[in-house]
Each structure stands twice: as C-alpha cells, then as structure tokens.
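Asker: There's a structure below that I have some questions on.
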Amino acid sequence: MINMVLLFLITLVSSSQAANQYFITQPKNTTAMAGTLVTLPCMVGSQQGVCQWTRDGLGLGVDIELAAYPRFTMSENSCDLQIFPLLPSDEGVYQCQVGAKPGVAPISSGSATLRVTSEPGQ
C-alpha cells in the first residue's frame with residue numbers, strides 16, 4: 001500500500017514538471033513579392049515536440065531541410081519557415097504545428113494565408 005502511494009506521488013510530481021508548450025509567435029497573413037525571401041514566424045516556448053508546417057492542410061515534413069520542398073527550410077533555433085525564392089505556387093494557408101511528447105499535448109498555431117504578388121509584366 002505504501003509503495004502504491006509513493007508511486008502515485010512520484011507520478012504526480014513528474015507530470016506536474018512537464019511544462020506545456022505554447023506559442024511565443026505565430027504566423028500571420030503575409031503578402032510578399034515573387035522571387036524574394038519570406039519568413040513565416042513560429043516560436044514555441046517550452047518546446048518538447050517536433051515542429052511541422054502544413055500548407056493547405058498537407059504536412060510538409062519535420063526535418064529542418066524539407067527534402068520534398070527544396071526551397072523551404074525551418075530555422076534551427078525556432079520553428080520559423082523560410083521560403084526562397086518565393087513562387088506564385090507557394091500561395092496557400094500555412095499552419096505551424098508542434099507534436100506531442102509523453103505528458104505534453106501537441107499544439108497548432110492559427111492559420112495564416114500567404115499571398116504572392118508579381119511585378120507588372122512578370
């Protein structure tokens with residue numbers, strides 16, 4: 001009986017030490033010129049899970065270098081998404097997500113629309 005009480009207390013203390021992940025910065029609607037560098041911000045406090053971005057609901061991957069999207073990279077020190085050079089086909093709705101860990105829930109940012117403009121005649 002004492003062992004069960006001790007196990008319960010240890011579990012309670014351990015689970016209360018796991019800090020919840022939260023967004024410090026989230027992506028916002030952005031309009032940028034084709035051919036430029038655009039950064040969609042996503043900074044996470046108490047980050048424990050892995051970052052992933054989605055575009056129009058499709059996961060882009062979890063590696064810093066997104067192999068299927070060679071113009072897309074995630075920052076090493078945050079979950080920021082950088083796109084260079086920006087193309088009209090990059091338009092869409094983006095969302096930053098951070099995965100779960102034992103005792104820590106996943107989180108998803110608000111959605112942000114990326115619009116791409118071009119110089120007249122381009």
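Letters A, B, ... go to the chains of the structure tokens in the order shown; residues in each chain start at 1; ligands are counted from 1 in the same order.
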If we count only C-alpha atoms, what is near Thr39 in chain A at a cut-off of 7 Å, once residues fewer than 3 positions away on the same chain are taken out, given as a PDB file with all heavy atoms, in the first residue's frame?
Answerer:
ATOM      1  N   ASP A  80      10.409  28.778 -37.312  1.00  0.00           N
ATOM      2  CA  ASP A  80      10.143  29.661 -38.454  1.00  0.00           C
ATOM      3  C   ASP A  80      10.305  28.898 -39.766  1.00  0.00           C
ATOM      4  O   ASP A  80      11.208  28.070 -39.903  1.00  0.00           O
ATOM      5  CB  ASP A  80      11.117  30.840 -38.483  1.00  0.00           C
ATOM      6  CG  ASP A  80      10.935  31.806 -37.332  1.00  0.00           C
ATOM      7  OD1 ASP A  80       9.969  31.666 -36.564  1.00  0.00           O
ATOM      8  OD2 ASP A  80      11.781  32.712 -37.203  1.00  0.00           O
ATOM      9  N   LEU A  81       9.437  29.203 -40.726  1.00  0.00           N
ATOM     10  CA  LEU A  81       9.531  28.610 -42.060  1.00  0.00           C
ATOM     11  C   LEU A  81      10.019  29.682 -43.022  1.00  0.00           C
ATOM     12  O   LEU A  81       9.448  30.770 -43.102  1.00  0.00           O
ATOM     13  CB  LEU A  81       8.160  28.094 -42.514  1.00  0.00           C
ATOM     14  CG  LEU A  81       8.122  27.476 -43.911  1.00  0.00           C
ATOM     15  CD1 LEU A  81       8.927  26.171 -43.948  1.00  0.00           C
ATOM     16  CD2 LEU A  81       6.689  27.225 -44.345  1.00  0.00           C
ATOM     17  N   GLN A  82      11.089  29.377 -43.742  1.00  0.00           N
ATOM     18  CA  GLN A  82      11.634  30.302 -44.742  1.00  0.00           C
ATOM     19  C   GLN A  82      11.440  29.696 -46.120  1.00  0.00           C
ATOM     20  O   GLN A  82      11.678  28.504 -46.324  1.00  0.00           O
ATOM     21  CB  GLN A  82      13.117  30.563 -44.483  1.00  0.00           C
ATOM     22  CG  GLN A  82      13.344  31.226 -43.145  1.00  0.00           C
ATOM     23  CD  GLN A  82      14.809  31.394 -42.821  1.00  0.00           C
ATOM     24  OE1 GLN A  82      15.659  30.616 -43.258  1.00  0.00           O
ATOM     25  NE2 GLN A  82      15.118  32.418 -42.046  1.00  0.00           N
ATOM     26  N   ILE A  83      11.013  30.553 -47.060  1.00  0.00           N
ATOM     27  CA  ILE A  83      10.803  30.123 -48.449  1.00  0.00           C
ATOM     28  C   ILE A  83      11.601  31.062 -49.338  1.00  0.00           C
ATOM     29  O   ILE A  83      11.435  32.283 -49.282  1.00  0.00           O
ATOM     30  CB  ILE A  83       9.312  30.185 -48.838  1.00  0.00           C
ATOM     31  CG1 ILE A  83       8.456  29.385 -47.850  1.00  0.00           C
ATOM     32  CG2 ILE A  83       9.119  29.675 -50.271  1.00  0.00           C
ATOM     33  CD1 ILE A  83       6.963  29.567 -48.045  1.00  0.00           C
TER      34      ILE A  83
END
Asker: I need the residues in chain A that are strand (DSSP E) according to DSSP; give them as a ChimeraX atom specification.
Answerer: /A:22-25,30-33,38-40,43-45,51-55,58-59,72-74,81-83,92-98,107-108,112-117
Asker: Could you dump the residues just selected with N, CA and C atoms as a short mmCIF file (atom, residue, chain, number, x, y, z; two decimals), in the first residue's frame?
Answerer:
data_model
loop_
_atom_site.label_atom_id
_atom_site.label_comp_id
_atom_site.auth_asym_id
_atom_site.auth_seq_id
_atom_site.Cartn_x
_atom_site.Cartn_y
_atom_site.Cartn_z
N TYR A 22 3.78 26.27 -25.75
CA TYR A 22 2.94 27.41 -26.09
C TYR A 22 3.62 28.24 -27.17
N PHE A 23 2.82 29.00 -27.91
CA PHE A 23 3.36 29.83 -28.97
C PHE A 23 3.79 31.19 -28.43
N ILE A 24 5.01 31.58 -28.74
CA ILE A 24 5.50 32.93 -28.46
C ILE A 24 5.15 33.82 -29.65
N THR A 25 5.42 33.31 -30.86
CA THR A 25 4.98 33.99 -32.09
C THR A 25 4.30 32.97 -32.98
N THR A 30 0.37 37.09 -44.76
CA THR A 30 1.53 37.75 -45.34
C THR A 30 1.35 37.87 -46.84
N THR A 31 1.75 39.02 -47.37
CA THR A 31 1.82 39.21 -48.82
C THR A 31 3.27 39.57 -49.14
N ALA A 32 3.85 38.87 -50.10
CA ALA A 32 5.25 39.09 -50.45
C ALA A 32 5.43 38.99 -51.97
N MET A 33 6.50 39.58 -52.45
CA MET A 33 6.82 39.62 -53.87
C MET A 33 7.49 38.32 -54.31
N VAL A 38 10.73 34.93 -47.90
CA VAL A 38 9.66 35.18 -46.93
C VAL A 38 9.87 34.25 -45.74
N THR A 39 9.64 34.80 -44.55
CA THR A 39 9.73 34.01 -43.33
C THR A 39 8.38 34.05 -42.63
N LEU A 40 7.83 32.88 -42.38
CA LEU A 40 6.60 32.75 -41.61
C LEU A 40 7.04 32.41 -40.18
N MET A 43 7.55 30.70 -33.11
CA MET A 43 8.45 30.45 -31.99
C MET A 43 7.65 29.82 -30.87
N VAL A 44 8.20 28.76 -30.29
CA VAL A 44 7.48 27.97 -29.30
C VAL A 44 8.21 28.00 -27.96
N GLY A 45 7.49 28.31 -26.90
CA GLY A 45 8.05 28.25 -25.56
C GLY A 45 7.87 26.87 -24.98
N CYS A 51 8.62 20.27 -34.63
CA CYS A 51 7.87 21.22 -35.46
C CYS A 51 7.51 20.60 -36.80
N GLN A 52 6.37 21.00 -37.29
CA GLN A 52 5.96 20.67 -38.65
C GLN A 52 5.08 21.81 -39.15
N TRP A 53 5.20 22.11 -40.42
CA TRP A 53 4.33 23.08 -41.08
C TRP A 53 3.38 22.34 -42.00
N THR A 54 2.19 22.91 -42.17
CA THR A 54 1.27 22.41 -43.18
C THR A 54 0.96 23.55 -44.15
N ARG A 55 0.70 23.18 -45.39
CA ARG A 55 0.21 24.13 -46.40
C ARG A 55 -1.07 23.53 -46.95
N LEU A 58 -1.76 20.00 -45.84
CA LEU A 58 -0.80 18.93 -46.14
C LEU A 58 0.48 19.16 -45.35
N GLY A 59 0.92 18.14 -44.59
CA GLY A 59 2.16 18.24 -43.83
C GLY A 59 3.36 18.34 -44.75
N PHE A 72 12.15 25.38 -49.21
CA PHE A 72 11.60 25.60 -47.87
C PHE A 72 12.59 25.09 -46.83
N THR A 73 12.82 25.87 -45.78
CA THR A 73 13.64 25.42 -44.66
C THR A 73 13.02 25.92 -43.35
N MET A 74 13.24 25.16 -42.28
CA MET A 74 12.84 25.61 -40.95
C MET A 74 14.10 26.10 -40.24
N LEU A 81 9.44 29.20 -40.73
CA LEU A 81 9.53 28.61 -42.06
C LEU A 81 10.02 29.68 -43.02
N GLN A 82 11.09 29.38 -43.74
CA GLN A 82 11.63 30.30 -44.74
C GLN A 82 11.44 29.70 -46.12
N ILE A 83 11.01 30.55 -47.06
CA ILE A 83 10.80 30.12 -48.45
C ILE A 83 11.60 31.06 -49.34
N GLY A 92 -1.00 29.93 -50.29
CA GLY A 92 -1.81 28.95 -49.59
C GLY A 92 -2.01 29.35 -48.15
N VAL A 93 -2.61 28.43 -47.40
CA VAL A 93 -2.87 28.63 -45.98
C VAL A 93 -1.88 27.76 -45.22
N TYR A 94 -1.06 28.40 -44.39
CA TYR A 94 0.01 27.73 -43.66
C TYR A 94 -0.33 27.66 -42.17
N GLN A 95 0.16 26.60 -41.53
CA GLN A 95 -0.04 26.44 -40.09
C GLN A 95 1.19 25.76 -39.50
N CYS A 96 1.62 26.25 -38.35
CA CYS A 96 2.73 25.66 -37.61
C CYS A 96 2.16 24.71 -36.57
N GLN A 97 2.75 23.52 -36.48
CA GLN A 97 2.31 22.53 -35.51
C GLN A 97 3.52 21.99 -34.76
N VAL A 98 3.30 21.66 -33.49
CA VAL A 98 4.36 21.06 -32.68
C VAL A 98 3.78 19.79 -32.07
N ILE A 107 0.38 21.11 -30.12
CA ILE A 107 -0.25 22.42 -30.31
C ILE A 107 -0.23 22.78 -31.79
N SER A 108 -1.20 23.59 -32.20
CA SER A 108 -1.29 24.08 -33.59
C SER A 108 -1.53 25.57 -33.55
N ALA A 112 -2.45 31.02 -41.36
CA ALA A 112 -2.01 32.27 -41.99
C ALA A 112 -2.01 32.07 -43.50
N THR A 113 -2.57 33.05 -44.20
CA THR A 113 -2.62 32.99 -45.66
C THR A 113 -1.41 33.71 -46.24
N LEU A 114 -0.70 33.03 -47.13
CA LEU A 114 0.42 33.62 -47.84
C LEU A 114 -0.03 33.94 -49.25
N ARG A 115 0.10 35.21 -49.62
CA ARG A 115 -0.22 35.67 -50.97
C ARG A 115 1.07 36.13 -51.64
N VAL A 116 1.19 35.84 -52.93
CA VAL A 116 2.40 36.18 -53.68
C VAL A 116 2.01 37.15 -54.78
N THR A 117 2.71 38.27 -54.83
CA THR A 117 2.49 39.26 -55.89
C THR A 117 3.66 39.24 -56.86
#
Asker: Run DSSP on the backbone and grab whatever in range 8-110 of chain A lands in alpha helix (DSSP H); send it over as a list in words.
Answerer: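 DSSP on the backbone gives alpha helix (DSSP H) at Phe8, Leu9, Ile10, Thr11, Leu12, Val13, Ser14, Ser15, Ser16 and Gln17 of chain A.
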Asker: Just checking: using only C-alpha atoms, which residue out of A:Ser75, A:Ser109, A:Ser89, A:Gln47 ends up closest to Gln26 in chain A?
Answerer: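 Closest to Gln26 in chain A, using only C-alpha atoms: A:Ser109.
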Asker: If you measure from CA of Cys79 in chain A to CA of Gly103 in chain A, what distance in Å do you get, rounded to one decimal?
Answerer: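 Interatomic distance, CA of Cys79 in chain A to CA of Gly103 in chain A: 21.1 Å.
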Asker: Of the candidates A:Ala68, A:Gly35, A:Asn20, A:Lys28, which one gets nearest to Leu86 in chain A if we count only C-alpha atoms?
Answerer: A:Gly35
Asker: Between A:Glu76, A:Asp90, A:Pro27, A:Pro85, which one has atoms that come closest to Ile64 in chain A, using only C-alpha atoms?
Answerer: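 The shortest atom-to-atom distance to Ile64 in chain A comes from A:Glu76.
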Asker: Counting only C-alpha atoms, figure out which residue out of A:Ser111, A:Asn77, A:Arg71, A:Ala34 gets nearest to Asp56 in chain A.
Answerer: A:Ser111
